[in-house]
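Q: Sharing a structure with you now.
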Amino acid sequence: MEVDEWLKRYESIRNWFIKPNGERRYTPATEKQYIEYMKLYQQFTGKTPDELANCEDVDKMRGIIADGLRAKPLKICSVTYRLHPLNSFWRYNGRRTNDVYGGIRPDLRFRIERLRKWSPTEMELKERKTES
């Protein structure tokens, strides 16, 4: 199903992609990618976009989708990236979610420690220069 077909079929997709003045919010490439993500969301939840937009507990639904994505062989940043469009989908359909990262935000402290471990210190850089 092409983007225009999704727009005709689902009010929630129209709310998401089209501004009140009738202009498109996203580029055609972004719309196409978001539709691909919506297909994944449907696969994991068994719900149409309109049902997702009107679900009672968006945070619970986001958790179901996150669990489905985590079951795939994806890196954590890829899972987070695929969850991000849900924020705008629900926002443009009048909903809010409390769980911005789907409960899987990478631990910043771990990333900083890893960078420190892999990044040379000033002393190491000076030693490399003198060796060259």
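By order of appearance in the structure tokens: chains A, B, ..., then residues from 1 within every chain, and ligands from 1 in the order shown.
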Please return, as JSON, numbers by chain, all residues of chain A that DSSP assigns to helix (DSSP H, G or I) on the basis of the backbone.
A: {"A": [3, 4, 5, 6, 7, 8, 9, 11, 12, 13, 14, 15, 16, 17, 28, 29, 30, 31, 32, 33, 34, 35, 36, 37, 38, 39, 40, 41, 42, 43, 44, 45, 49, 50, 51, 52, 53, 58, 59, 60, 61, 62, 63, 64, 65, 66, 67, 68, 69, 70, 76, 77, 78, 79, 80, 81, 82, 83, 84, 85, 86, 87, 88, 89, 90, 91, 108, 109, 110, 111, 112, 113, 114, 115, 116, 117, 118, 122, 123, 124, 125, 126, 127, 128, 129, 130, 131]}
Q: If you keep C-alpha atoms, can you produce a file of those selected residues as a CSV table (one decimal), in the first residue's frame?
A:
chain,number,residue,atom,x,y,z
A,3,VAL,CA,1.5,6.5,1.2
A,4,ASP,CA,-1.5,8.0,-0.5
A,5,GLU,CA,-3.6,4.9,0.1
A,6,TRP,CA,-2.7,5.0,3.8
A,7,LEU,CA,-3.7,8.7,3.9
A,8,LYS,CA,-7.1,7.8,2.3
A,9,ARG,CA,-7.7,4.8,4.6
A,11,GLU,CA,-7.5,9.4,9.7
A,12,SER,CA,-4.7,9.0,12.1
A,13,ILE,CA,-2.1,8.9,9.2
A,14,ARG,CA,-3.7,12.1,7.8
A,15,ASN,CA,-3.4,13.8,11.2
A,16,TRP,CA,0.2,12.7,11.3
A,17,PHE,CA,1.4,13.7,7.8
A,28,PRO,CA,8.0,11.9,0.7
A,29,ALA,CA,11.0,9.8,1.7
A,30,THR,CA,10.3,10.3,5.4
A,31,GLU,CA,6.6,9.5,4.9
A,32,LYS,CA,7.5,6.3,3.1
A,33,GLN,CA,9.9,5.3,6.0
A,34,TYR,CA,7.3,6.1,8.6
A,35,ILE,CA,4.7,3.9,6.8
A,36,GLU,CA,7.3,1.1,6.9
A,37,TYR,CA,7.6,1.6,10.7
A,38,MET,CA,3.8,1.7,11.0
A,39,LYS,CA,3.7,-1.7,9.3
A,40,LEU,CA,6.0,-3.0,12.0
A,41,TYR,CA,3.9,-1.5,14.7
A,42,GLN,CA,0.8,-3.2,13.2
A,43,GLN,CA,2.7,-6.5,13.0
A,44,PHE,CA,3.6,-6.3,16.7
A,45,THR,CA,0.2,-5.1,18.0
A,49,PRO,CA,-3.2,3.0,12.8
A,50,ASP,CA,-6.5,4.4,13.9
A,51,GLU,CA,-6.7,1.8,16.7
A,52,LEU,CA,-3.2,2.7,17.8
A,53,ALA,CA,-4.0,6.4,17.8
A,58,VAL,CA,-0.1,4.4,24.8
A,59,ASP,CA,2.8,3.6,27.1
A,60,LYS,CA,1.7,0.0,27.4
A,61,MET,CA,1.3,-0.1,23.6
A,62,ARG,CA,4.8,1.4,23.1
A,63,GLY,CA,6.2,-1.3,25.4
A,64,ILE,CA,4.6,-4.0,23.2
A,65,ILE,CA,6.2,-2.5,20.1
A,66,ALA,CA,9.5,-2.0,21.9
A,67,ASP,CA,9.5,-5.7,22.9
A,68,GLY,CA,8.7,-6.7,19.3
A,69,LEU,CA,11.6,-4.6,18.0
A,70,ARG,CA,14.0,-5.9,20.7
A,76,ILE,CA,19.7,-0.7,20.9
A,77,CYS,CA,20.1,2.6,19.0
A,78,SER,CA,18.2,1.0,16.0
A,79,VAL,CA,15.3,0.0,18.2
A,80,THR,CA,15.2,3.5,19.7
A,81,TYR,CA,15.3,5.1,16.2
A,82,ARG,CA,12.4,2.9,15.1
A,83,LEU,CA,10.4,3.9,18.2
A,84,HIS,CA,10.9,7.6,17.7
A,85,PRO,CA,8.1,8.2,15.1
A,86,LEU,CA,5.6,7.0,17.7
A,87,ASN,CA,6.1,10.2,19.6
A,88,SER,CA,5.0,12.4,16.7
A,89,PHE,CA,2.3,9.9,15.6
A,90,TRP,CA,0.6,10.1,19.0
A,91,ARG,CA,1.3,13.8,19.4
A,108,LEU,CA,24.9,7.8,29.0
A,109,ARG,CA,27.4,7.0,31.8
A,110,PHE,CA,28.3,3.8,30.1
A,111,ARG,CA,28.8,5.5,26.8
A,112,ILE,CA,31.0,8.2,28.4
A,113,GLU,CA,33.2,5.6,30.1
A,114,ARG,CA,33.5,3.6,26.9
A,115,LEU,CA,34.6,6.8,25.1
A,116,ARG,CA,37.2,7.6,27.8
A,117,LYS,CA,38.5,4.1,27.5
A,118,TRP,CA,38.9,4.3,23.8
A,122,GLU,CA,46.7,14.3,26.2
A,123,MET,CA,49.8,12.5,27.5
A,124,GLU,CA,49.3,9.6,25.1
A,125,LEU,CA,48.9,12.0,22.2
A,126,LYS,CA,52.1,13.8,23.1
A,127,GLU,CA,53.9,10.4,23.3
A,128,ARG,CA,52.6,9.5,19.9
A,129,LYS,CA,53.9,12.7,18.4
A,130,THR,CA,57.4,12.2,19.9
A,131,GLU,CA,57.5,8.7,18.6
Q: What does the structure give for the distance between atom CA of Glu2 of chain A and atom CA of Asn54 of chain A, in Å to one decimal?
A: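 A separation of 22.8 Å between them.
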